[in-house]
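Student: I am sharing target27.tsv, which consists of TSV, C-alpha atoms:
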chain	number	residue	atom	x	y	z
A	1	MET	CA	0.00	0.00	0.00
A	2	ARG	CA	1.31	3.46	-0.89
A	3	SER	CA	1.98	5.93	1.92
A	4	GLN	CA	-0.27	8.98	1.95
A	5	VAL	CA	1.59	12.29	2.18
A	6	LEU	CA	0.02	15.67	2.84
A	7	VAL	CA	2.01	18.52	1.26
A	8	VAL	CA	1.22	21.99	2.64
A	9	GLU	CA	2.90	24.51	0.35
A	10	ASP	CA	1.52	27.79	-1.03
A	11	GLU	CA	4.03	28.27	-3.86
A	12	PRO	CA	2.40	26.52	-6.86
A	13	ARG	CA	5.68	25.70	-8.60
A	14	ILE	CA	7.16	24.00	-5.53
A	15	ALA	CA	3.90	22.26	-4.65
A	16	THR	CA	3.56	20.85	-8.17
A	17	ALA	CA	7.16	19.67	-8.26
A	18	LEU	CA	6.77	17.93	-4.90
A	19	ARG	CA	3.50	16.30	-5.88
A	20	ASP	CA	4.81	15.02	-9.21
A	21	TYR	CA	8.08	13.68	-7.79
A	22	LEU	CA	6.41	12.05	-4.79
A	23	GLU	CA	3.79	10.41	-6.97
A	24	ALA	CA	6.53	9.15	-9.30
A	25	SER	CA	8.17	7.72	-6.16
A	26	GLU	CA	4.98	5.77	-5.38
A	27	PHE	CA	3.45	8.02	-2.73
A	28	GLU	CA	-0.18	9.13	-2.67
A	29	VAL	CA	-0.19	12.93	-2.41
A	30	THR	CA	-2.65	15.62	-1.35
A	31	VAL	CA	-1.65	19.30	-1.65
A	32	LEU	CA	-3.07	22.14	0.43
A	33	ASP	CA	-2.00	25.76	-0.04
A	34	ARG	CA	-3.21	27.26	3.27
A	35	GLY	CA	-2.33	26.44	6.85
A	36	ASP	CA	-5.86	26.97	8.13
A	37	LEU	CA	-7.12	24.08	5.98
A	38	VAL	CA	-4.83	21.46	7.48
A	39	THR	CA	-6.36	20.63	10.86
A	40	ASP	CA	-9.81	19.93	9.42
A	41	TRP	CA	-8.31	17.89	6.58
A	42	LEU	CA	-6.33	15.71	8.99
A	43	ARG	CA	-9.41	15.22	11.14
A	44	LEU	CA	-11.32	13.79	8.17
A	45	ASN	CA	-8.54	12.04	6.25
A	46	HIS	CA	-5.59	9.74	6.82
A	47	ALA	CA	-1.99	10.78	6.18
A	48	ASP	CA	1.22	8.92	6.92
A	49	ALA	CA	3.35	12.08	6.91
A	50	VAL	CA	3.11	15.85	6.44
A	51	LEU	CA	5.50	18.05	4.44
A	52	LEU	CA	4.84	21.44	5.99
A	53	ASP	CA	6.07	24.81	4.73
A	54	VAL	CA	6.94	27.36	7.42
A	55	MET	CA	5.55	30.44	5.65
A	56	LEU	CA	1.86	29.84	4.91
A	57	PRO	CA	-1.27	31.97	4.63
A	58	GLY	CA	-3.93	31.41	7.25
A	59	ILE	CA	-1.79	29.72	9.91
A	60	ASP	CA	2.00	29.63	9.74
A	61	GLY	CA	3.78	26.30	9.67
A	62	LEU	CA	5.40	26.53	13.12
A	63	THR	CA	2.06	27.22	14.81
A	64	LEU	CA	0.47	24.46	12.75
A	65	CYS	CA	3.24	22.02	13.70
A	66	ARG	CA	2.46	22.63	17.37
A	67	GLU	CA	-1.28	22.09	16.81
A	68	ILE	CA	-0.76	18.85	14.87
A	69	ARG	CA	1.65	17.49	17.46
A	70	ARG	CA	-0.82	18.08	20.29
A	71	ALA	CA	-3.23	15.64	18.64
A	72	SER	CA	-0.99	13.23	16.73
A	73	GLU	CA	2.47	11.68	16.45
A	74	ILE	CA	2.29	11.77	12.64
A	75	PRO	CA	5.74	12.46	11.12
A	76	ILE	CA	6.22	16.12	10.19
A	77	LEU	CA	8.96	17.41	7.88
A	78	MET	CA	9.30	21.20	7.82
A	79	LEU	CA	10.08	22.98	4.53
A	80	THR	CA	11.60	26.43	4.79
A	81	ALA	CA	13.72	29.08	3.12
A	82	ARG	CA	14.51	30.54	6.57
A	83	VAL	CA	17.75	28.90	7.57
A	84	GLU	CA	18.49	30.71	10.83
A	85	ASP	CA	19.38	28.34	13.64
A	86	VAL	CA	16.59	29.69	15.85
A	87	ASP	CA	13.94	28.69	13.32
A	88	ARG	CA	15.54	25.30	12.82
A	89	LEU	CA	15.62	24.70	16.56
A	90	LEU	CA	12.12	26.06	17.13
A	91	GLY	CA	10.65	23.72	14.54
A	92	LEU	CA	12.22	20.71	16.24
A	93	GLU	CA	11.10	21.84	19.70
A	94	LEU	CA	7.54	22.07	18.43
A	95	GLY	CA	7.71	18.42	17.43
A	96	ALA	CA	8.96	18.33	13.84
A	97	ASP	CA	10.81	15.16	12.86
A	98	ASP	CA	13.08	16.73	10.26
A	99	TYR	CA	13.87	20.05	8.60
A	100	ILE	CA	14.52	20.56	4.88
A	101	CYS	CA	15.83	23.91	3.65
A	102	LYS	CA	14.90	25.48	0.32
A	103	PRO	CA	16.08	25.22	-2.34
A	104	PHE	CA	16.09	21.46	-1.96
A	105	ASN	CA	16.82	18.47	-4.13
A	106	LEU	CA	13.63	16.48	-4.73
A	107	ARG	CA	15.46	13.18	-4.45
A	108	GLU	CA	16.76	14.23	-1.02
A	109	VAL	CA	13.21	15.05	0.08
A	110	VAL	CA	12.07	11.54	-0.84
A	111	LEU	CA	15.06	9.91	0.87
A	112	ARG	CA	14.54	11.86	4.07
A	113	LEU	CA	10.78	11.26	3.99
A	114	ARG	CA	11.34	7.53	3.69
A	115	ALA	CA	13.91	7.63	6.51
A	116	VAL	CA	11.45	9.42	8.82
A	117	LEU	CA	8.70	6.94	7.96
A	118	ARG	CA	11.02	4.00	8.68
A	119	ARG	CA	11.94	5.46	12.07
A	120	PHE	CA	8.29	6.16	12.86
A	121	HIS	CA	7.15	2.62	12.05
A	122	ALA	CA	10.08	1.17	13.98
A	123	THR	CA	9.13	3.08	17.12
A	124	ALA	CA	6.43	0.60	18.13
A	125	THR	CA	9.03	-2.14	18.26
A	126	SER	CA	12.00	0.03	19.19
A	127	GLY	CA	12.44	-1.80	22.49
A	128	ASP	CA	13.18	-4.95	20.53
A	129	LEU	CA	15.54	-3.10	18.18
A	130	LEU	CA	17.63	-1.34	20.82
A	131	PRO	CA	21.04	-2.96	21.48
A	132	PHE	CA	20.45	-2.63	25.24
A	133	GLU	CA	17.71	-2.70	27.86
A	134	LEU	CA	17.07	0.42	29.93
A	135	ASP	CA	15.71	-0.19	33.42
A	136	THR	CA	14.48	3.20	34.60
A	137	ASP	CA	13.47	1.90	38.03
A	138	ARG	CA	16.90	0.46	38.80
A	139	LEU	CA	18.77	3.30	37.01
A	140	GLU	CA	20.79	0.93	34.86
A	141	VAL	CA	21.44	-0.29	31.34
A	142	VAL	CA	21.63	-4.04	30.73
A	143	HIS	CA	23.70	-5.31	27.79
A	144	ASP	CA	24.84	-8.89	27.17
A	145	GLY	CA	24.03	-9.78	30.77
A	146	ARG	CA	26.14	-6.94	32.18
A	147	LYS	CA	24.69	-4.04	34.14
A	148	LEU	CA	25.77	-0.42	33.88
A	149	ALA	CA	24.75	2.03	36.61
A	150	LEU	CA	23.45	5.45	35.57
A	151	THR	CA	22.62	8.60	37.48
A	152	PRO	CA	18.96	9.68	37.62
A	153	VAL	CA	19.65	12.50	35.13
A	154	GLU	CA	21.46	10.15	32.73
A	155	THR	CA	18.59	7.67	32.99
A	156	ARG	CA	15.99	10.28	32.14
A	157	LEU	CA	18.08	11.61	29.24
A	158	LEU	CA	18.51	8.15	27.76
A	159	ALA	CA	14.83	7.32	28.29
A	160	LYS	CA	13.86	10.45	26.35
A	161	LEU	CA	16.14	9.55	23.45
A	162	CYS	CA	14.73	5.99	23.45
A	163	GLU	CA	11.17	7.27	23.02
A	164	ARG	CA	11.73	7.96	19.33
A	165	PRO	CA	14.96	6.43	17.98
A	166	GLY	CA	16.26	8.59	15.14
A	167	LYS	CA	14.31	11.67	16.21
A	168	ILE	CA	16.42	14.74	16.95
A	169	TYR	CA	15.85	16.16	20.43
A	170	SER	CA	16.97	19.71	21.16
A	171	ARG	CA	18.96	20.50	24.27
A	172	SER	CA	15.99	22.25	25.85
A	173	GLN	CA	13.80	19.18	25.28
A	174	LEU	CA	16.43	16.99	26.93
A	175	GLN	CA	16.78	19.50	29.74
A	176	ASP	CA	13.04	19.34	30.43
A	177	ALA	CA	13.17	15.54	30.44
A	178	ALA	CA	16.24	15.37	32.68
A	179	TYR	CA	15.11	17.68	35.47
A	180	ASP	CA	11.78	16.99	37.18
A	181	ASP	CA	11.86	20.35	38.95
A	182	HIS	CA	12.25	22.22	35.62
A	183	ARG	CA	15.31	24.06	36.87
A	184	VAL	CA	17.09	26.28	34.39
A	185	VAL	CA	20.45	24.93	33.24
A	186	ASN	CA	22.62	25.95	30.31
A	187	ASP	CA	23.43	23.95	27.20
A	188	ARG	CA	26.85	23.03	28.57
A	189	THR	CA	25.22	21.20	31.49
A	190	VAL	CA	23.14	19.06	29.14
A	191	ASP	CA	26.19	18.45	26.95
A	192	SER	CA	28.18	17.38	30.01
A	193	HIS	CA	25.55	14.82	31.03
A	194	VAL	CA	25.34	13.47	27.48
A	195	ARG	CA	29.13	13.24	27.32
A	196	ASN	CA	29.26	11.26	30.58
A	197	LEU	CA	26.46	9.00	29.38
A	198	ARG	CA	28.32	8.34	26.16
A	199	ARG	CA	31.50	7.40	28.05
A	200	LYS	CA	29.58	4.89	30.14
A	201	LEU	CA	27.89	3.33	27.10
A	202	GLU	CA	31.18	3.20	25.23
A	203	SER	CA	32.62	1.13	28.09
A	204	PHE	CA	30.05	-1.50	27.06
A	205	GLY	CA	31.02	-1.19	23.40
A	206	LEU	CA	27.91	0.87	22.65
A	207	ASP	CA	27.82	4.17	20.78
A	208	PRO	CA	24.11	4.87	20.13
A	209	ILE	CA	23.96	8.65	20.73
A	210	ALA	CA	24.65	10.89	17.74
A	211	SER	CA	25.21	14.66	17.88
A	212	VAL	CA	23.39	16.82	15.34
A	213	TYR	CA	25.43	19.99	14.97
A	214	GLY	CA	23.60	23.11	16.12
A	215	VAL	CA	20.41	21.22	16.98
A	216	GLY	CA	20.76	18.48	19.58
A	217	PHE	CA	21.07	14.70	19.87
A	218	ARG	CA	19.38	11.54	18.63
A	219	LEU	CA	19.52	7.82	19.32
A	220	GLN	CA	20.68	5.81	16.34
A	221	LEU	CA	19.85	2.12	16.03
Turn the structure described in the file into structure tokens.
Tutor:
Amino acid sequence: MRSQVLVVEDEPRIATALRDYLEASEFEVTVLDRGDLVTDWLRLNHADAVLLDVMLPGIDGLTLCREIRRASEIPILMLTARVEDVDRLLGLELGADDYICKPFNLREVVLRLRAVLRRFHATATSGDLLPFELDTDRLEVVHDGRKLALTPVETRLLAKLCERPGKIYSRSQLQDAAYDDHRVVNDRTVDSHVRNLRRKLESFGLDPIASVYGVGFRLQL
């Protein structure tokens, strides 16, 4: 069965190019040109993923991303000509699964869309795919019968990354997950905890945490 993709793009040339290339790549495609049409469409129709432009009439893409994520875990790929780091980070904090900057190569869009869909469908069975077992109650990782003790912060960080393997989590998202009291810490503190966690996992021959420059971290299977 072909995956259904909703493309939300108000520039006709780009929307047509995306639709034609995605259909040639065996996706079913619906195109909307306004952000305020999306929520109702998703309520009445099925989609396996959304390609969402940032600058849209009606409702902008970042606001729309937040609204979609409140109701659904559907994969969202943001399309934008605004390449500032703050926009890139904001889109991910709102729940986007990937970010594609214009002008883009259509083949790259398809490859990244397929990668996001693979990660999404693997999430349900990610516990079986992980190379280790995380015991959040005992604060430890189990691998090949050996146990590795973690701190409470390291445990919560790793648990967050394990929620969606392959998904990029920003430092502020990891900070919120790591500290129950929502204390304010800087990026270096989060980086320090991730660095210590990596060292511990590497002692078991594991290296599952990848850095994404300027954005955050993700768990790679």
Student: Measuring between all atoms listed in the file, which one of A:Asp207, A:Val110, A:Val194, A:Lys160 shows the shortest distance to Arg19 in chain A?
Tutor: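 Comparing A:Asp207, A:Val110, A:Val194, A:Lys160 against Arg19 in chain A, the winner is A:Val110.
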Student: Work out how far CA of Leu161 in chain A is from CA of Leu79 in chain A, in Å to one decimal.
Tutor: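 Here the two named atoms are 24.0 Å from each other.
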Student: What's the separation between CA of Lys147 in chain A and CA of Asp176 in chain A, in Å to one decimal place?
Tutor: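 Going from CA of Lys147 in chain A over to CA of Asp176 in chain A, I get 26.4 Å.
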Student: I'd like the contact shell of Leu157 in chain A - 12 Å cut-off, only C-alpha atoms, skipping same-chain residues fewer than 2 positions apart - returned as a ChimeraX atom specification.
Tutor: /A:134,136,139,150-155,159-163,169-180,190-198,209,217-219
Student: Taking C-alpha atoms for each residue, export the selection above as a CSV table (one decimal), in the frame of the given file.
Tutor:
chain,number,residue,atom,x,y,z
A,134,LEU,CA,17.1,0.4,29.9
A,136,THR,CA,14.5,3.2,34.6
A,139,LEU,CA,18.8,3.3,37.0
A,150,LEU,CA,23.4,5.4,35.6
A,151,THR,CA,22.6,8.6,37.5
A,152,PRO,CA,19.0,9.7,37.6
A,153,VAL,CA,19.6,12.5,35.1
A,154,GLU,CA,21.5,10.2,32.7
A,155,THR,CA,18.6,7.7,33.0
A,159,ALA,CA,14.8,7.3,28.3
A,160,LYS,CA,13.9,10.4,26.4
A,161,LEU,CA,16.1,9.6,23.4
A,162,CYS,CA,14.7,6.0,23.4
A,163,GLU,CA,11.2,7.3,23.0
A,169,TYR,CA,15.8,16.2,20.4
A,170,SER,CA,17.0,19.7,21.2
A,171,ARG,CA,19.0,20.5,24.3
A,172,SER,CA,16.0,22.2,25.8
A,173,GLN,CA,13.8,19.2,25.3
A,174,LEU,CA,16.4,17.0,26.9
A,175,GLN,CA,16.8,19.5,29.7
A,176,ASP,CA,13.0,19.3,30.4
A,177,ALA,CA,13.2,15.5,30.4
A,178,ALA,CA,16.2,15.4,32.7
A,179,TYR,CA,15.1,17.7,35.5
A,180,ASP,CA,11.8,17.0,37.2
A,190,VAL,CA,23.1,19.1,29.1
A,191,ASP,CA,26.2,18.4,27.0
A,192,SER,CA,28.2,17.4,30.0
A,193,HIS,CA,25.6,14.8,31.0
A,194,VAL,CA,25.3,13.5,27.5
A,195,ARG,CA,29.1,13.2,27.3
A,196,ASN,CA,29.3,11.3,30.6
A,197,LEU,CA,26.5,9.0,29.4
A,198,ARG,CA,28.3,8.3,26.2
A,209,ILE,CA,24.0,8.6,20.7
A,217,PHE,CA,21.1,14.7,19.9
A,218,ARG,CA,19.4,11.5,18.6
A,219,LEU,CA,19.5,7.8,19.3
Student: Leu32 in chain A: which residues within 8 Å, counting all atoms listed in the file, same-chain residues fewer than 5 positions away excluded, as a VMD selection string?
Tutor: chain A and resid 6 to 10 37 to 38
Student: For Pro75 in chain A, which of A:His46, A:Lys102, A:Arg119, A:Arg13 is the closest residue, counting all atoms listed in the file?
Tutor: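 Result for the nearest residue to Pro75 in chain A: A:Arg119.
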Student: What separation in Å, quoted to one decimal, exists between CA of Pro103 in chain A and CA of Pro165 in chain A?
Tutor: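 Interatomic distance here is 27.7 Å.
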Student: If we draw a sphere of 6 Å around (8.1, 24.3, 7.2), which residues have at least one atom in it when counting all atoms listed in the file? Please report them as a count of residues only.
Tutor: 7
Student: Given the choices A:Arg43, A:Arg138, A:Arg82, A:Arg34, which gets closest to Ile59 in chain A if the distance is worked out from all atoms listed in the file?
Tutor: A:Arg34
Student: From the options A:Ile100, A:Ala71, A:Ala17, A:Val31, which residue's atoms come nearest to Leu113 in chain A, counting only C-alpha atoms?
Tutor: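 That would be A:Ile100, the residue with the smallest distance to Leu113 in chain A.
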Student: Can you work out which one of A:Lys200, A:Arg188, A:Arg2, A:Lys167 has the shortest atom-to-atom distance to Val212 in chain A, counting all atoms listed in the file?
Tutor: A:Lys167
Student: With all atoms listed in the file as the counted atoms, please give the residues lying no more than 12 Å from Arg146 in chain A, apart from itself and same-chain residues fewer than 2 positions off, as a VMD selection string.
Tutor: chain A and resid 132 to 134 140 to 144 148 to 149 201 203 to 205
Student: Taking all atoms listed in the file into account, which of A:Ala49, A:Gln4, A:Glu11, A:Leu44 comes nearest Glu28 in chain A?
Tutor: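 Selected residue with least distance to Glu28 in chain A: A:Gln4.
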Student: Using all atoms listed in the file, what residues lie at most 9 Å away from (4.8, 14.3, -5.7) (file coordinates), given as a PyMOL selection string?
Tutor: chain A and resi 5+7+15-30
